[in-house]
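S.K.: Have a look at this one before I ask anything.
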Amino acid sequence: MTTPNSTGPSDFVRAIIAADQAAGKHGGRIVTRFPPEPNGYLHIGHAKSICLNFGIALEHPGGRCHLRLDDTNPTTEDPEYVQAIQEDIRWLGFDWNGYLFYASDYFERLYEFAVTLIKKGKAYVDSLSADDIRAYRGTLTQPGRDSPYRTRSVEENLTLFARMRAGEFPDGAHVLRAKIDMASPNINLRDPVLYRIRHVAHYRTGDTWCIYPSYDFAHPLSDAIEGITHSICTLEFEDHRPLYDWVVAEAEAPHRPQQIEFARLNLSSTVMSKRRLLELVDKRLVAGWDDPRLPTLKGLRRRGVTPEAIRAFCEHIGVAKRDAVVDTQLFEHFVREDLNRRSPRAMAILRPLKLIIDNYPEHLVEELDAVNNPEDPSAGTRKVPFCKELYIEQDDFREDPPKQFFRLAPGREVRLRYAYLVTCVGLTKDPRTGEVTEVHCVYDPDTKGGSSRDQRKVKATIHWVSAAHAAPAEVRLYSHLLTAELTDIPDDKEWTAYLNPHSLERLTGCLVEPSLRHAPVGARFQFERQGYFCVDPDSSAERPVFNRTVSLKDTWAKIQKAQQQ
RNA sequence: UGGGGGAUCGUCUAGCGGUAGGACGCCAGCCUUUGGAGCUGGCUACCUAGGUUCGAUUCCUAGUCCCCCAGCCA
């Protein structure tokens with residue numbers, strides 16, 4: 001799954017690290033980190049980064065991966081997210097082994113680093129307004145201009161910075177800026193803001209601080225403080241790297257971590273940005289952060305996706321620098337592959353159609369043997385009750401069957417899975433709508449279990465439930481969130497206009513085999529011939545609710561689609 | 001039109017001077033008490049143009065296209 005010849009690193013990040021190891025860099029240590037900001041829930045894009053960072057640590061003896069909450073902006077952060085982030089990482093199967101850190105724990109040391117910078121003449125307090133700072137910054141093609149406050153003395157800067165900390169100024173009155181180069185072609189180097197005043201309580205430090213460090217200052221120094229050797233981040237930080245290196249060097253930090261950038265994960269037909277995810281939740285366009293349609297880890301978990309499938313997917317997509325949109329079908333492949341191996345099978349009827357076996361004894365109930373998992377003999381068998389009246393899937397009967405349809409139709413014989421061969425001998429229709437309400441069959445008593453003595457072939461095997469024994473259930477079918485790719489949506493169009501109105505379909509009249517009646521929340525099954533399903537927390541004692549994780553591959557649907565064209 | 005990155009099958013991704021591999025997908029077939037799973041076989045790619053070289057996806061030059069950067073967000 002990694003490299004074909006299984007020698008050497010599987011991606012360019014690991015190649016860099018291997019080369020560093022070979023060169024004896026960092027004294028042979030490998031320390032990575034996963035640094036989420038606790039202002040939202042983790043999604044599958046984070047999973048890629050988690051697998052990379054924790055994976056690399058695991059691959060090296062003595063390697064470690066720190067979990068660091070990058071909580072330098074109190075206005076958006078919340079302890080609820082801190083908790084959820086930890087749960088999600090553990091659920092994915094990774095462990096920070098006690099190396100849990102908070103950027104907010106470094107506020108005092110960060111302040112000292114800032115003082116060091118000021119004393120070296122490498123930082124100054126600017127009193128320009130936010131608007132003026134923007135105006136002075138110049139543009140992509142024009143250099144910026146020095147702030148009139150840029151030449152303040154070290155003493156004045158020191159005093160002002162101390163007074164900022166002491167809370168003597170309102171928000172926005174001053175900022176601390178690095179003194180680098182207002183004419184730099186790299187805008188990040190045009191005296192970036194290091195500290196801003198925010199009279200806001202922080203969820204961990206309370207009212208201790210009213211000045212908070214910016215990402216560009218806090219992040220490299222946090223890495224340095226923790227002795228991170230390789231600081232792996234996404235592409236948009238590539239042109240922050242010179243600033244990262246500048247901060248670490250000028251602040252005289254104890255270590256020099258190396259920043260490496262890779263392309264973030266994009267998945268087709270869905271949204272991954274925090275902004276859009278938040279918009280969906282806030283506008284109630286989805287049920288919450290754990291809505292099974294979302295690519296959040298919480299959503300995927302509720303939908304029934306396993307951590308193993310996510311990890312296999314992340315390993316398979318690789319790590320590179322080119323922008324890429326991974327087809328959701330590839331993700332679904334790994335979900336099916338994992339679920340196929342481990343899911344017990346069951347029979348469930350999503351859209352019921354009554355089937356009556358005319359020649360079956362009125363009150364007889366047979367307990368038939370059904371295999372729990374053909375992929376796993378150790379899963380054993382179970383009994384499924386069978387009687388005269390059953391329900392089958394509406395899709396499995398056609399009064400007037402099209403070409404290549406080989407399920408039940410008048411005069412046709414099919415196999416009822418694990419039961420008998422039955423032949424359709426008639427049907428009942430609603431006189432008003434013309435809708436088929438009942439299908440009548442006769443069974444061959446010599447075919448119990450599903451095979452005949454004469455070995456005659458039937459083209460189809462269909463699933464069923466006993467009308468007298470089946471349990472009612474609700475089933476929720478999910479499909480892609482968007483009807484167009486984000487990159488294809490015109491700038492003047494609201495992206496939410498492209499939400500798929502059929503991304504959730506609730507089926508309330510479903511019937512499942514009795515063994516599913518009390519299936520526990522989170523339990524996963526393959527509903528034969530349909531897909532993989534997972535018991536939702538909305539289930540009640542009387543009625544389970546199932547989420548479809550992913551459908552089975554459907555050859556007939558493909559044929560139908562081709563026939564329509 | 002400043003700076004930083006990136007361009008290989010439809011989609012991801014290998015390859016590091018010897019003539020393109022894997023996975024998904026798609027097509028055909030086998031098998032099958034899930035039209036599932038599995039198994040065969042097939043399909044399609046090196047952004048362009050020059051150059052260096054016996055030989056270039058790999059090196060050089062010039063283009064083209066795509067992404068990111070002008071938060072007191074991260």
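For the structure tokens, the naming scheme is as follows: chains receive sequential letters (A, B, ...) according to their order of presentation, residues are indexed from 1 within each chain, and ligands are indexed from 1 in presentation order.
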Would you mind listing what lies within 7 Å of region 449-452 of chain A as a PyMOL selection string, with only C-alpha atoms (C1' of nucleotides) counted and same-chain residues fewer than 2 positions away left out?
M.R.: (chain A and resi 415-421+446-447+454-456) or (chain B and resi 33)
S.K.: Can I get the selection written as a CSV table (one decimal), in the first residue's frame, with N, CA and C atoms (P, O5', C5', C4', C3', O3' and C1' of nucleotides)?
M.R.:
```
chain,number,residue,atom,x,y,z
A,415,ARG,N,-35.1,-17.0,-6.7
A,415,ARG,CA,-34.8,-17.6,-5.3
A,415,ARG,C,-35.0,-16.5,-4.3
A,416,LEU,N,-35.7,-16.9,-3.2
A,416,LEU,CA,-35.8,-16.1,-2.0
A,416,LEU,C,-34.6,-16.5,-1.2
A,417,ARG,N,-33.8,-15.6,-0.9
A,417,ARG,CA,-32.5,-15.9,-0.3
A,417,ARG,C,-32.6,-16.8,1.0
A,418,TYR,N,-31.9,-17.9,1.0
A,418,TYR,CA,-31.9,-18.8,2.1
A,418,TYR,C,-33.3,-19.5,2.3
A,419,ALA,N,-34.2,-19.3,1.3
A,419,ALA,CA,-35.5,-19.9,1.6
A,419,ALA,C,-35.9,-20.9,0.4
A,420,TYR,N,-36.8,-20.4,-0.5
A,420,TYR,CA,-37.3,-21.3,-1.5
A,420,TYR,C,-37.2,-20.6,-2.9
A,421,LEU,N,-37.4,-21.5,-3.9
A,421,LEU,CA,-37.6,-20.9,-5.2
A,421,LEU,C,-39.1,-20.7,-5.4
A,446,ASP,N,-39.6,-28.5,-2.5
A,446,ASP,CA,-38.3,-29.2,-2.6
A,446,ASP,C,-37.1,-28.4,-2.7
A,447,THR,N,-37.2,-27.1,-2.6
A,447,THR,CA,-36.1,-26.2,-2.7
A,447,THR,C,-35.7,-25.5,-1.4
A,454,ASP,N,-32.9,-30.7,-9.0
A,454,ASP,CA,-32.5,-30.8,-10.4
A,454,ASP,C,-31.5,-29.7,-10.8
A,455,GLN,N,-31.0,-29.0,-9.8
A,455,GLN,CA,-30.0,-28.0,-10.1
A,455,GLN,C,-30.4,-26.9,-11.1
A,456,ARG,N,-31.7,-26.7,-11.2
A,456,ARG,CA,-32.1,-25.7,-12.2
A,456,ARG,C,-31.6,-24.3,-11.8
B,33,U,P,-24.4,-20.5,-6.8
B,33,U,O5',-25.6,-19.9,-5.9
B,33,U,C5',-26.4,-18.8,-6.4
B,33,U,C4',-27.0,-18.0,-5.2
B,33,U,C3',-26.0,-17.7,-4.2
B,33,U,O3',-26.1,-16.3,-3.9
B,33,U,C1',-27.9,-18.7,-3.2
```
S.K.: Counting only C-alpha atoms (C1' of nucleotides), which residues in chain B sit no more than 12 Å from chain A? For each one, give the nearest pair of atoms and the distance in Å, sorted by chain then residue number, as CSV.
M.R.:
```
residue,atom,partner,partner_atom,distance
B:U1,C1',A:Thr141,CA,8.1
B:G2,C1',A:Thr141,CA,4.3
B:G3,C1',A:Asn186,CA,5.0
B:G4,C1',A:Asp239,CA,5.3
B:G5,C1',A:Glu238,CA,7.5
B:G6,C1',A:Arg322,CA,5.2
B:A7,C1',A:Arg322,CA,7.9
B:U8,C1',A:Arg322,CA,11.8
B:G10,C1',A:Asp327,CA,10.4
B:U11,C1',A:Asp327,CA,5.8
B:C12,C1',A:Ile317,CA,5.8
B:U13,C1',A:Gly318,CA,6.6
B:A14,C1',A:Thr3,CA,7.9
B:G15,C1',A:Pro4,CA,11.2
B:G21,C1',A:Pro4,CA,8.6
B:G22,C1',A:Pro4,CA,7.4
B:A23,C1',A:His316,CA,7.7
B:C24,C1',A:Leu330,CA,5.2
B:G25,C1',A:Gln329,CA,8.2
B:C26,C1',A:Lys558,CA,11.6
B:U32,C1',A:Lys459,CA,10.7
B:U33,C1',A:Gly450,CA,6.0
B:U34,C1',A:Arg529,CA,4.7
B:G35,C1',A:Thr555,CA,5.3
B:G36,C1',A:Arg529,CA,5.9
B:A37,C1',A:Asn340,CA,7.6
B:G38,C1',A:Glu375,CA,10.2
B:C66,C1',A:Asp323,CA,8.8
B:C67,C1',A:Asp323,CA,6.9
B:C68,C1',A:Glu236,CA,5.4
B:C69,C1',A:Ile187,CA,6.9
B:A70,C1',A:Thr139,CA,5.1
B:G71,C1',A:Arg134,CA,9.4
B:C72,C1',A:Arg196,CA,5.2
B:C73,C1',A:Asn73,CA,8.1
B:A74,C1',A:Tyr215,CA,6.4
```
S.K.: According to DSSP computed on the backbone, where in region 115-174 of chain A is there strand (DSSP E or B)? Give the residues as a PyMOL selection string.
M.R.: chain A and resi 123-126
S.K.: Could you write out that same residue set with N, CA, C and O atoms as a PDB file, in the first residue's frame?
M.R.:
```
ATOM      1  N   ALA A 123      11.548  44.651  16.501  1.00  0.00           N
ATOM      2  CA  ALA A 123      10.090  44.766  16.598  1.00  0.00           C
ATOM      3  C   ALA A 123       9.761  46.120  17.191  1.00  0.00           C
ATOM      4  O   ALA A 123      10.564  46.687  17.933  1.00  0.00           O
ATOM      5  N   TYR A 124       8.596  46.633  16.822  1.00  0.00           N
ATOM      6  CA  TYR A 124       8.215  47.957  17.314  1.00  0.00           C
ATOM      7  C   TYR A 124       6.709  48.039  17.493  1.00  0.00           C
ATOM      8  O   TYR A 124       5.948  47.277  16.881  1.00  0.00           O
ATOM      9  N   VAL A 125       6.326  48.969  18.345  1.00  0.00           N
ATOM     10  CA  VAL A 125       4.899  49.185  18.566  1.00  0.00           C
ATOM     11  C   VAL A 125       4.421  50.198  17.530  1.00  0.00           C
ATOM     12  O   VAL A 125       4.987  51.271  17.386  1.00  0.00           O
ATOM     13  N   ASP A 126       3.399  49.797  16.799  1.00  0.00           N
ATOM     14  CA  ASP A 126       2.845  50.683  15.778  1.00  0.00           C
ATOM     15  C   ASP A 126       1.497  51.187  16.273  1.00  0.00           C
ATOM     16  O   ASP A 126       0.731  50.438  16.874  1.00  0.00           O
TER      17      ASP A 126
END
```
S.K.: If we count only C-alpha atoms (C1' of nucleotides) and set the cut-off at 12 Å, which residues sit around region 53-55 of chain B, ignoring sequence neighbours fewer than 4 positions away in its own chain? Please answer as a JSON list (two decimals) with N, CA and C atoms (P, O5', C5', C4', C3', O3' and C1' of nucleotides), in the first residue's frame.
M.R.:
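Everything below was put into out_8.json:
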```json
[["chain", "number", "residue", "atom", "x", "y", "z"],
["B", 17, "G", "P", 18.83, 10.18, -12.66],
["B", 17, "G", "O5'", 18.68, 9.89, -14.22],
["B", 17, "G", "C5'", 17.49, 10.33, -14.84],
["B", 17, "G", "C4'", 17.44, 9.73, -16.20],
["B", 17, "G", "C3'", 18.18, 8.41, -16.35],
["B", 17, "G", "O3'", 17.30, 7.46, -16.89],
["B", 17, "G", "C1'", 18.79, 9.94, -18.07],
["B", 18, "G", "P", 17.03, 6.08, -16.27],
["B", 18, "G", "O5'", 16.69, 5.30, -17.61],
["B", 18, "G", "C5'", 15.59, 5.77, -18.39],
["B", 18, "G", "C4'", 15.53, 4.97, -19.68],
["B", 18, "G", "C3'", 15.35, 3.47, -19.45],
["B", 18, "G", "O3'", 14.35, 3.03, -20.35],
["B", 18, "G", "C1'", 17.38, 3.91, -20.65],
["B", 19, "U", "P", 13.45, 1.79, -19.98],
["B", 19, "U", "O5'", 12.08, 2.19, -20.68],
["B", 19, "U", "C5'", 11.31, 3.30, -20.17],
["B", 19, "U", "C4'", 10.82, 4.13, -21.34],
["B", 19, "U", "C3'", 10.19, 3.28, -22.44],
["B", 19, "U", "O3'", 8.79, 3.55, -22.46],
["B", 19, "U", "C1'", 11.82, 4.86, -23.31],
["B", 59, "C", "P", 14.60, 17.33, -13.80],
["B", 59, "C", "O5'", 15.93, 17.70, -14.61],
["B", 59, "C", "C5'", 17.21, 17.54, -14.01],
["B", 59, "C", "C4'", 18.25, 18.14, -14.92],
["B", 59, "C", "C3'", 17.86, 19.48, -15.53],
["B", 59, "C", "O3'", 18.12, 20.55, -14.65],
["B", 59, "C", "C1'", 18.70, 18.07, -17.22],
["B", 60, "C", "P", 17.25, 21.89, -14.74],
["B", 60, "C", "O5'", 17.86, 22.58, -16.05],
["B", 60, "C", "C5'", 19.20, 23.07, -16.07],
["B", 60, "C", "C4'", 19.43, 23.76, -17.39],
["B", 60, "C", "C3'", 18.40, 24.81, -17.74],
["B", 60, "C", "O3'", 18.72, 26.05, -17.16],
["B", 60, "C", "C1'", 18.74, 23.38, -19.60]]
```
S.K.: So, with only C-alpha atoms as the atoms that count, which of A:Leu507, A:Ile228, A:Ala484, A:Leu243 lies closest to Ser269 (chain A)?
M.R.: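 Among A:Leu507, A:Ile228, A:Ala484, A:Leu243, it is A:Ala484 that comes nearest to Ser269 (chain A).
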S.K.: Could you work out how far CA of Val442 (chain A) lies from CA of Val422 (chain A), giving the answer in Å with one decimal?
M.R.: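 These two atoms are separated by 5.5 Å.
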S.K.: Step one, run DSSP on the backbone; step two, keep only residues of region 300-330 of chain A assigned to helix (DSSP H, G or I); then write them as a list in words.
M.R.: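 Matching residues for helix (DSSP H, G or I) in region 300-330 of chain A are Leu300, Arg301, Arg302, Arg303, Pro307, Glu308, Ala309, Ile310, Arg311, Ala312, Phe313, Cys314, Glu315, His316, Ile317, Thr328, Gln329 and Leu330 of chain A.
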S.K.: Okay, now the selection with N, CA, C and O atoms, as a compact mmCIF listing (two decimals), in the first residue's frame?
M.R.:
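Listing of out-v8.txt after writing:
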```txt
# COMPACT_ATOMS: atom_id res chain seq x y z
N LEU A 300 -18.83 11.48 9.66
CA LEU A 300 -18.47 10.20 9.05
C LEU A 300 -18.70 9.05 10.03
O LEU A 300 -19.14 7.98 9.65
N ARG A 301 -18.37 9.32 11.29
CA ARG A 301 -18.54 8.29 12.31
C ARG A 301 -20.01 7.94 12.45
O ARG A 301 -20.40 6.78 12.48
N ARG A 302 -20.85 8.97 12.52
CA ARG A 302 -22.29 8.73 12.66
C ARG A 302 -22.83 8.01 11.43
O ARG A 302 -23.77 7.21 11.51
N ARG A 303 -22.25 8.29 10.30
CA ARG A 303 -22.70 7.66 9.07
C ARG A 303 -22.32 6.19 9.02
O ARG A 303 -22.91 5.41 8.28
N PRO A 307 -12.78 4.10 11.23
CA PRO A 307 -11.47 4.77 11.23
C PRO A 307 -10.47 4.04 10.35
O PRO A 307 -9.63 4.67 9.71
N GLU A 308 -10.60 2.72 10.29
CA GLU A 308 -9.68 1.95 9.45
C GLU A 308 -9.81 2.34 7.98
O GLU A 308 -8.81 2.43 7.26
N ALA A 309 -11.05 2.56 7.56
CA ALA A 309 -11.27 2.95 6.16
C ALA A 309 -10.66 4.32 5.89
O ALA A 309 -10.05 4.55 4.84
N ILE A 310 -10.82 5.23 6.84
CA ILE A 310 -10.27 6.57 6.65
C ILE A 310 -8.75 6.51 6.59
O ILE A 310 -8.11 7.15 5.75
N ARG A 311 -8.16 5.71 7.45
CA ARG A 311 -6.70 5.60 7.45
C ARG A 311 -6.18 4.97 6.16
O ARG A 311 -5.19 5.43 5.58
N ALA A 312 -6.87 3.93 5.70
CA ALA A 312 -6.44 3.29 4.45
C ALA A 312 -6.54 4.28 3.29
O ALA A 312 -5.66 4.36 2.43
N PHE A 313 -7.60 5.05 3.30
CA PHE A 313 -7.79 6.07 2.27
C PHE A 313 -6.66 7.10 2.31
O PHE A 313 -6.05 7.41 1.29
N CYS A 314 -6.37 7.59 3.50
CA CYS A 314 -5.32 8.61 3.64
C CYS A 314 -3.96 8.08 3.21
O CYS A 314 -3.17 8.79 2.61
N GLU A 315 -3.69 6.82 3.51
CA GLU A 315 -2.43 6.24 3.06
C GLU A 315 -2.38 6.15 1.55
O GLU A 315 -1.36 6.38 0.93
N HIS A 316 -3.52 5.81 0.99
CA HIS A 316 -3.55 5.56 -0.45
C HIS A 316 -3.44 6.84 -1.28
O HIS A 316 -2.84 6.83 -2.35
N ILE A 317 -4.03 7.92 -0.84
CA ILE A 317 -4.02 9.13 -1.65
C ILE A 317 -2.65 9.78 -1.71
O ILE A 317 -2.38 10.60 -2.59
N THR A 328 -14.68 11.31 -4.67
CA THR A 328 -15.33 10.68 -3.53
C THR A 328 -15.49 9.17 -3.73
O THR A 328 -15.52 8.41 -2.77
N GLN A 329 -15.56 8.75 -4.98
CA GLN A 329 -15.67 7.31 -5.26
C GLN A 329 -14.47 6.52 -4.73
O GLN A 329 -14.61 5.35 -4.37
N LEU A 330 -13.32 7.19 -4.72
CA LEU A 330 -12.14 6.49 -4.20
C LEU A 330 -12.29 6.28 -2.69
O LEU A 330 -11.97 5.22 -2.16
```
S.K.: Near Ala497 (chain A), counting only C-alpha atoms (C1' of nucleotides), which residues have an atom at most 10 Å away, once you skip same-chain residues fewer than 4 positions from it, shown as a PyMOL selection string?
M.R.: chain A and resi 482-484+489+493+501
S.K.: Write out as an NGL selection string which residues come within 9 Å of Arg524 (chain A) when counting only C-alpha atoms (C1' of nucleotides), dropping same-chain ones fewer than 5 positions away.
M.R.: :A and (304 or 339 or 342-344 or 519 or 532-535 or 546 or 549)
S.K.: Write the residues you've just listed into a file as an mmCIF file, in the first residue's frame, and include N, CA, C and O atoms for each of them.
M.R.:
```cif
data_model
loop_
_atom_site.group_PDB
_atom_site.id
_atom_site.type_symbol
_atom_site.label_atom_id
_atom_site.label_comp_id
_atom_site.auth_asym_id
_atom_site.auth_seq_id
_atom_site.Cartn_x
_atom_site.Cartn_y
_atom_site.Cartn_z
ATOM 1 N N GLY A 304 -21.296 5.822 9.803
ATOM 2 C CA GLY A 304 -20.908 4.418 9.846
ATOM 3 C C GLY A 304 -19.547 4.125 9.249
ATOM 4 O O GLY A 304 -19.127 2.971 9.172
ATOM 5 N N LEU A 339 -15.775 -2.379 5.175
ATOM 6 C CA LEU A 339 -17.077 -2.830 5.663
ATOM 7 C C LEU A 339 -17.434 -4.223 5.131
ATOM 8 O O LEU A 339 -18.065 -5.017 5.829
ATOM 9 N N ARG A 342 -16.002 -6.845 7.464
ATOM 10 C CA ARG A 342 -16.397 -6.933 8.857
ATOM 11 C C ARG A 342 -17.893 -6.887 9.140
ATOM 12 O O ARG A 342 -18.297 -7.162 10.275
ATOM 13 N N SER A 343 -18.719 -6.529 8.158
ATOM 14 C CA SER A 343 -20.128 -6.329 8.481
ATOM 15 C C SER A 343 -20.951 -7.592 8.421
ATOM 16 O O SER A 343 -20.964 -8.292 7.410
ATOM 17 N N PRO A 344 -21.705 -7.874 9.492
ATOM 18 C CA PRO A 344 -22.673 -8.961 9.426
ATOM 19 C C PRO A 344 -23.767 -8.599 8.424
ATOM 20 O O PRO A 344 -24.123 -7.435 8.284
ATOM 21 N N ALA A 519 -30.908 -3.661 17.584
ATOM 22 C CA ALA A 519 -29.492 -3.434 17.270
ATOM 23 C C ALA A 519 -29.005 -2.177 17.990
ATOM 24 O O ALA A 519 -29.684 -1.158 17.988
ATOM 25 N N TYR A 532 -24.221 -0.715 3.048
ATOM 26 C CA TYR A 532 -23.798 -0.816 4.439
ATOM 27 C C TYR A 532 -24.558 0.220 5.244
ATOM 28 O O TYR A 532 -24.723 1.364 4.822
ATOM 29 N N PHE A 533 -25.040 -0.207 6.398
ATOM 30 C CA PHE A 533 -25.889 0.649 7.217
ATOM 31 C C PHE A 533 -25.419 0.630 8.665
ATOM 32 O O PHE A 533 -24.816 -0.346 9.118
ATOM 33 N N CYS A 534 -25.718 1.713 9.360
ATOM 34 C CA CYS A 534 -25.238 1.882 10.723
ATOM 35 C C CYS A 534 -26.379 2.431 11.573
ATOM 36 O O CYS A 534 -27.120 3.312 11.137
ATOM 37 N N VAL A 535 -26.531 1.899 12.769
ATOM 38 C CA VAL A 535 -27.637 2.320 13.628
ATOM 39 C C VAL A 535 -27.392 3.738 14.159
ATOM 40 O O VAL A 535 -26.364 4.012 14.772
ATOM 41 N N PHE A 546 -31.627 3.566 10.680
ATOM 42 C CA PHE A 546 -30.370 3.178 10.050
ATOM 43 C C PHE A 546 -29.892 4.248 9.075
ATOM 44 O O PHE A 546 -30.688 4.775 8.292
ATOM 45 N N THR A 549 -24.379 4.041 5.038
ATOM 46 C CA THR A 549 -23.000 4.527 4.986
ATOM 47 C C THR A 549 -22.603 4.685 3.534
ATOM 48 O O THR A 549 -22.150 5.752 3.107
#
```
S.K.: Just how far from CA of Leu189 (chain A) is CA of Ala19 (chain A), in Å to one decimal?
M.R.: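 Between these atoms lies a distance of 29.4 Å.
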S.K.: Within 9 Å of Ala166 (chain A), counting only C-alpha atoms (C1' of nucleotides), which residues show up once you throw out same-chain ones fewer than 6 positions away? Write them as a list in words, please.
M.R.: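 Contacts, in chain order: Trp209, Cys210 and Ile211 of chain A.
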S.K.: Write a file of the selected residues as a tab-separated table (two decimals), in the first residue's frame, keeping N, CA, C and O atoms.
M.R.:
```tsv
chain	number	residue	atom	x	y	z
A	209	TRP	N	-4.62	37.91	30.09
A	209	TRP	CA	-4.03	38.65	28.97
A	209	TRP	C	-5.06	39.49	28.24
A	209	TRP	O	-6.22	39.09	28.12
A	210	CYS	N	-4.59	40.63	27.74
A	210	CYS	CA	-5.44	41.38	26.83
A	210	CYS	C	-4.69	41.65	25.53
A	210	CYS	O	-5.15	42.36	24.66
A	211	ILE	N	-3.47	41.07	25.45
A	211	ILE	CA	-2.77	41.09	24.17
A	211	ILE	C	-2.53	39.63	23.78
A	211	ILE	O	-2.25	38.79	24.63
```
